[in-house]
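S.K.: Quick one: this structure, given as structure tokens, is what I'll be asking you about.
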Amino acid sequence: PIDTDGLKTVDLSTRPSKVKRDMLGAPVRAGLTLKEWLAGLPRVLAATDLLDAARLIAAARRAGRPVILGMGAHPIKVGLGPLICDLMGRGVITAVALNGAGVIHDVEMALSGHTSEDVDQALADGSFGMSQDTARFINEAIAAAPENGLGRAVGQALLASGAEGLQTSSLLATAADLDLTLSVHVALGTDIVHIHPSCDAAATGQASHVDFRLLAAEVADLEGGVYLNLGSAVILPEVFLKALTLVRNLGHRVYDFTTINLDMISHYRPLTNVVRRPTMVAGRGFNLIGHHEINFPLLMAAVLEEMA
């Protein structure tokens, strides 16, 4: 056995430490308000990130800076539509970017009150994605006004449909009603509406490209603001990065801003294209891991507490 008699030691009182008493969390009890619960969180790791991210979102809105939400379809499927619509109405979220699947779930919820078919079962007999109502509504709305952008074309079609509860549950209709930018970024062949004969690929491509330029106009004003990526592993991180390089190339100063990625697991593109690369010169990036239906409402509740 090695002889430890010559071991060099240090005093605990002077040794640097990463966790200190004033960072510890407080006990919880029944009846806590959200403000009290947030104040009692430990000031370490993800809890600190959550509180800092909420503070920066609130600060951006108090300063009149934008908060852009880029998201996949899953947040709609897990019930976050009404929360996001409310945040748009409150002026907390100033613009939204969706992938193509987000439009499908938003439209189905608006028109029928249900969405998300059983792919495992329907794929076996080829019936997956064959809802003619969904495809006809979306494809006809796009083909009628591709020059307006895909999000606005479908949003206005929803408003014209008179479906129930549009301004409280449909992101597309809410954005059209509030005249907010809601852009849709489609990869042709990825969405069920593309397999239907009603799909006009040229109109879809034109409308989605208009939306890319609309999102770029929002990103051009992102200095001092916040960009959130909620549950998009590929499409929105790539679109955001291209919009950012476009506006920087055109001479817009967009460097000092906050990016926040929220997802259930860590993915390469959100970490690289949202959290790290855009904030290398200035700003700050956060990566908050957890279920959308818990983490996003929690973050937004903390934002509203900060704004209050």
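Going through the structure tokens in order, the chains are called A, B, and so on, while each chain numbers its residues from 1 and the ligands are numbered from 1 in the order shown.
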Skipping near chain neighbours, those fewer than 2 positions away, what residues fall within 9 Å of A:Met300 using only C-alpha atoms, listed as a list in words?

M.R.: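 Using only C-alpha atoms, the neighbours found are Ala54, Leu83, Leu87, Val92, Asn295, Phe296, Pro297, Leu298, Ala302, Val303, Leu304 and Glu305 of chain A.
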
S.K.: Output N, CA, C and O atoms for every residue in that selection, as an mmCIF file, in the first residue's frame.

M.R.:
```cif
data_model
loop_
_atom_site.group_PDB
_atom_site.id
_atom_site.type_symbol
_atom_site.label_atom_id
_atom_site.label_comp_id
_atom_site.auth_asym_id
_atom_site.auth_seq_id
_atom_site.Cartn_x
_atom_site.Cartn_y
_atom_site.Cartn_z
ATOM 1 N N ALA A 54 -36.262 33.203 -17.155
ATOM 2 C CA ALA A 54 -37.508 33.944 -16.929
ATOM 3 C C ALA A 54 -37.228 35.432 -16.747
ATOM 4 O O ALA A 54 -37.949 36.293 -17.281
ATOM 5 N N LEU A 83 -52.284 28.095 -23.784
ATOM 6 C CA LEU A 83 -51.284 28.875 -23.052
ATOM 7 C C LEU A 83 -50.528 29.804 -24.003
ATOM 8 O O LEU A 83 -50.335 30.988 -23.706
ATOM 9 N N LEU A 87 -50.396 33.914 -24.164
ATOM 10 C CA LEU A 87 -49.146 34.670 -24.104
ATOM 11 C C LEU A 87 -49.007 35.611 -25.293
ATOM 12 O O LEU A 87 -48.459 36.705 -25.171
ATOM 13 N N VAL A 92 -46.540 38.781 -24.443
ATOM 14 C CA VAL A 92 -45.311 38.149 -23.962
ATOM 15 C C VAL A 92 -44.565 37.501 -25.128
ATOM 16 O O VAL A 92 -43.351 37.650 -25.261
ATOM 17 N N ASN A 295 -42.369 21.954 -18.298
ATOM 18 C CA ASN A 295 -41.332 22.989 -18.288
ATOM 19 C C ASN A 295 -41.779 24.307 -18.898
ATOM 20 O O ASN A 295 -41.445 25.382 -18.385
ATOM 21 N N PHE A 296 -42.496 24.241 -20.024
ATOM 22 C CA PHE A 296 -42.880 25.499 -20.674
ATOM 23 C C PHE A 296 -43.891 26.287 -19.833
ATOM 24 O O PHE A 296 -43.702 27.506 -19.630
ATOM 25 N N PRO A 297 -44.961 25.676 -19.322
ATOM 26 C CA PRO A 297 -45.841 26.443 -18.430
ATOM 27 C C PRO A 297 -45.117 26.970 -17.196
ATOM 28 O O PRO A 297 -45.394 28.087 -16.741
ATOM 29 N N LEU A 298 -44.188 26.187 -16.659
ATOM 30 C CA LEU A 298 -43.436 26.633 -15.489
ATOM 31 C C LEU A 298 -42.585 27.851 -15.821
ATOM 32 O O LEU A 298 -42.568 28.845 -15.078
ATOM 33 N N ALA A 302 -43.122 31.703 -14.376
ATOM 34 C CA ALA A 302 -42.038 32.475 -13.751
ATOM 35 C C ALA A 302 -41.857 33.811 -14.461
ATOM 36 O O ALA A 302 -41.569 34.820 -13.821
ATOM 37 N N VAL A 303 -42.021 33.831 -15.781
ATOM 38 C CA VAL A 303 -41.931 35.091 -16.528
ATOM 39 C C VAL A 303 -43.011 36.066 -16.072
ATOM 40 O O VAL A 303 -42.738 37.247 -15.820
ATOM 41 N N LEU A 304 -44.243 35.580 -15.946
ATOM 42 C CA LEU A 304 -45.334 36.471 -15.532
ATOM 43 C C LEU A 304 -45.139 36.975 -14.109
ATOM 44 O O LEU A 304 -45.493 38.114 -13.795
ATOM 45 N N GLU A 305 -44.566 36.137 -13.241
ATOM 46 C CA GLU A 305 -44.244 36.606 -11.887
ATOM 47 C C GLU A 305 -43.205 37.726 -11.947
ATOM 48 O O GLU A 305 -43.298 38.730 -11.225
#
```

S.K.: Quick one: residues within 7 Å of A:Leu180, only C-alpha atoms counted, chain neighbours fewer than 5 positions away excluded, as a list of chain:residue names?

M.R.: A:Thr94, A:Ala95, A:Ala175

S.K.: Go ahead and write the residues just picked, all heavy atoms, as a short mmCIF file (atom, residue, chain, number, x, y, z; two decimals), in the first residue's frame.

M.R.:
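Result file is again-v1.cif:
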```cif
data_model
loop_
_atom_site.label_atom_id
_atom_site.label_comp_id
_atom_site.auth_asym_id
_atom_site.auth_seq_id
_atom_site.Cartn_x
_atom_site.Cartn_y
_atom_site.Cartn_z
N THR A 94 -44.12 37.60 -29.10
CA THR A 94 -44.38 38.58 -30.15
C THR A 94 -44.38 37.98 -31.55
O THR A 94 -44.84 38.63 -32.49
CB THR A 94 -43.33 39.71 -30.08
OG1 THR A 94 -42.02 39.15 -30.29
CG2 THR A 94 -43.37 40.40 -28.72
N ALA A 95 -43.86 36.78 -31.73
CA ALA A 95 -43.88 36.10 -33.03
C ALA A 95 -43.70 34.62 -32.80
O ALA A 95 -43.10 34.19 -31.80
CB ALA A 95 -42.79 36.64 -33.95
N ALA A 175 -52.78 34.46 -34.21
CA ALA A 175 -51.77 35.33 -34.84
C ALA A 175 -52.41 36.18 -35.93
O ALA A 175 -52.11 37.38 -36.05
CB ALA A 175 -50.64 34.48 -35.42
#
```

S.K.: With a distance cut-off of 7 Å and only C-alpha atoms, select the neighbouring residues of stretch 156-168 of chain A, excluding the residue or stretch itself and same-chain residues fewer than 5 positions from it, and output the selection as a PyMOL selection string.

M.R.: chain A and resi 82+85-86+110-111+141+173-174+176

S.K.: Residues at most 12 Å from A:Lys242, counting only C-alpha atoms, excluding those fewer than 2 positions away in the same chain, as a PyMOL selection string?

M.R.: chain A and resi 212-213+215-216+219-220+235-240+244-249+273-274+277-278

S.K.: Please give the complete set of residues from stretch 54-201 of chain A that DSSP, run on the backbone, assigns to strand (DSSP E or B), formatted as a ChimeraX atom specification.

M.R.: /A:67-71,95-99,181-185

S.K.: Output the selection as an mmCIF file, in the first residue's frame - C-alpha atoms for each residue.

M.R.:
```cif
data_model
loop_
_atom_site.group_PDB
_atom_site.id
_atom_site.type_symbol
_atom_site.label_atom_id
_atom_site.label_comp_id
_atom_site.auth_asym_id
_atom_site.auth_seq_id
_atom_site.Cartn_x
_atom_site.Cartn_y
_atom_site.Cartn_z
ATOM 1 C CA VAL A 67 -39.693 37.277 -27.796
ATOM 2 C CA ILE A 68 -39.875 34.816 -30.694
ATOM 3 C CA LEU A 69 -41.107 31.258 -30.139
ATOM 4 C CA GLY A 70 -39.929 28.614 -32.603
ATOM 5 C CA MET A 71 -41.594 25.261 -32.010
ATOM 6 C CA ALA A 95 -43.883 36.105 -33.034
ATOM 7 C CA VAL A 96 -44.157 32.350 -33.606
ATOM 8 C CA ALA A 97 -42.456 29.992 -36.068
ATOM 9 C CA LEU A 98 -43.890 26.495 -36.682
ATOM 10 C CA ASN A 99 -42.933 23.454 -38.680
ATOM 11 C CA THR A 181 -46.068 37.096 -37.475
ATOM 12 C CA LEU A 182 -46.631 33.347 -37.438
ATOM 13 C CA SER A 183 -44.339 31.722 -39.968
ATOM 14 C CA VAL A 184 -44.464 28.105 -41.126
ATOM 15 C CA HIS A 185 -41.350 26.315 -42.363
#
```

S.K.: Suppose you want the space between atom CA of A:Arg43 and atom CA of A:Asp22; what is it in Å?

M.R.: 8.1 Å

S.K.: May I have all residues of stretch 70-302 of chain A that DSSP, computed from the backbone, assigns to helix (DSSP H, G or I), given as a ChimeraX atom specification?

M.R.: /A:74-77,81-90,100-112,119-124,132-144,146-148,150-161,166-169,171-178,192-195,201-219,235-249,268-279,292-302

S.K.: Compile the contact shell of A:His196 as a PyMOL selection string: residues with an atom at most 10 Å away, counting only C-alpha atoms, same-chain residues fewer than 5 positions apart removed.

M.R.: chain A and resi 129-132+135-136+139

S.K.: Here is a test: counting only C-alpha atoms, which residue of A:Lys77, A:Ile104, A:Ala233, A:Ser116 is nearest to A:Gly155?

M.R.: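 Closest residue, counting only C-alpha atoms: A:Ile104.
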
S.K.: As an exercise, work out the distance from atom CA of A:Gly102 to atom CA of A:Gly72 in Å and give it to one decimal place.

M.R.: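 Distance between the two atoms: 6.1 Å.
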
S.K.: Between A:Leu38, A:Met88, A:Val193, A:Leu171, single out the one closest to A:Asp133, counting only C-alpha atoms.

M.R.: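 Checking each candidate against A:Asp133, we get A:Val193 as the closest.
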
S.K.: Identify, on the basis of only C-alpha atoms, every residue whose closest approach to A:Arg61 does not exceed 10 Å; exclude the query and any residue fewer than 2 positions from it along the same chain; express the result as a list in words.

M.R.: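 Counting only the stated atoms, we get Leu56, Ile57, Ala58, Ala59, Ala63, Gly64, Arg65, Pro66, Val67, Gly91, Val92, Ile93, Thr94, Gly224, Gly225, Val226, Val303 and Met307 of chain A.
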
S.K.: Keeping N, CA, C and O atoms for every residue in the selection just given, could you write it to a file as a compact mmCIF listing (two decimals), in the first residue's frame?

M.R.:
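Output (part_3.txt):
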```txt
# COMPACT_ATOMS: atom_id res chain seq x y z
N LEU A 56 -34.74 37.17 -17.95
CA LEU A 56 -34.31 37.79 -19.20
C LEU A 56 -35.48 37.96 -20.17
O LEU A 56 -35.54 38.94 -20.92
N ILE A 57 -36.41 37.01 -20.18
CA ILE A 57 -37.61 37.17 -21.01
C ILE A 57 -38.42 38.37 -20.53
O ILE A 57 -38.86 39.21 -21.34
N ALA A 58 -38.64 38.46 -19.23
CA ALA A 58 -39.40 39.58 -18.68
C ALA A 58 -38.71 40.91 -18.95
O ALA A 58 -39.35 41.90 -19.31
N ALA A 59 -37.39 40.92 -18.81
CA ALA A 59 -36.63 42.15 -19.06
C ALA A 59 -36.74 42.57 -20.52
O ALA A 59 -36.85 43.76 -20.84
N ALA A 63 -38.50 46.07 -21.90
CA ALA A 63 -37.73 46.99 -22.74
C ALA A 63 -38.30 47.10 -24.15
O ALA A 63 -37.71 47.77 -25.00
N GLY A 64 -39.39 46.42 -24.42
CA GLY A 64 -40.00 46.47 -25.74
C GLY A 64 -39.28 45.65 -26.79
O GLY A 64 -39.44 45.87 -27.99
N ARG A 65 -38.49 44.67 -26.34
CA ARG A 65 -37.76 43.82 -27.26
C ARG A 65 -38.55 42.55 -27.55
O ARG A 65 -39.36 42.12 -26.73
N PRO A 66 -38.33 41.93 -28.70
CA PRO A 66 -39.16 40.79 -29.12
C PRO A 66 -38.85 39.50 -28.37
O PRO A 66 -37.73 39.30 -27.88
N VAL A 67 -39.85 38.65 -28.28
CA VAL A 67 -39.69 37.28 -27.80
C VAL A 67 -40.31 36.38 -28.86
O VAL A 67 -41.52 36.37 -29.05
N GLY A 91 -48.99 39.84 -25.09
CA GLY A 91 -47.80 40.52 -25.59
C GLY A 91 -46.51 39.96 -25.07
O GLY A 91 -45.45 40.59 -25.22
N VAL A 92 -46.54 38.78 -24.44
CA VAL A 92 -45.31 38.15 -23.96
C VAL A 92 -44.57 37.50 -25.13
O VAL A 92 -43.35 37.65 -25.26
N ILE A 93 -45.28 36.79 -25.98
CA ILE A 93 -44.72 36.22 -27.19
C ILE A 93 -45.11 37.12 -28.35
O ILE A 93 -46.29 37.39 -28.58
N THR A 94 -44.12 37.60 -29.10
CA THR A 94 -44.38 38.58 -30.15
C THR A 94 -44.38 37.98 -31.55
O THR A 94 -44.84 38.63 -32.49
N GLY A 224 -31.26 42.37 -28.05
CA GLY A 224 -31.88 42.62 -26.75
C GLY A 224 -33.11 41.77 -26.48
O GLY A 224 -33.71 41.89 -25.41
N GLY A 225 -33.47 40.91 -27.42
CA GLY A 225 -34.66 40.08 -27.27
C GLY A 225 -34.34 38.64 -26.92
O GLY A 225 -33.24 38.32 -26.45
N VAL A 226 -35.32 37.76 -27.16
CA VAL A 226 -35.20 36.35 -26.78
C VAL A 226 -35.73 35.48 -27.92
O VAL A 226 -36.78 35.78 -28.51
N VAL A 303 -42.02 33.83 -15.78
CA VAL A 303 -41.93 35.09 -16.53
C VAL A 303 -43.01 36.07 -16.07
O VAL A 303 -42.74 37.25 -15.82
N MET A 307 -42.68 39.75 -14.48
CA MET A 307 -43.30 40.93 -15.08
C MET A 307 -44.24 41.62 -14.13
O MET A 307 -44.44 42.84 -14.21
```

S.K.: Mind giving me the straight-line distance from atom CA of A:Ile260 to atom CA of A:Trp37 in Å, one decimal?

M.R.: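 Distance reported for this atom pair: 22.1 Å.
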
S.K.: Closest to A:Gly89 among A:Asn287, A:Ser232, A:Thr190, A:Ser170, using only C-alpha atoms?

M.R.: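 Distance minimum relative to A:Gly89 lands on A:Ser170.
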
S.K.: I'd like to know which of A:Ala217, A:Leu50, A:Leu24, A:Phe257 is closest to A:Gly283, using only C-alpha atoms.

M.R.: A:Phe257
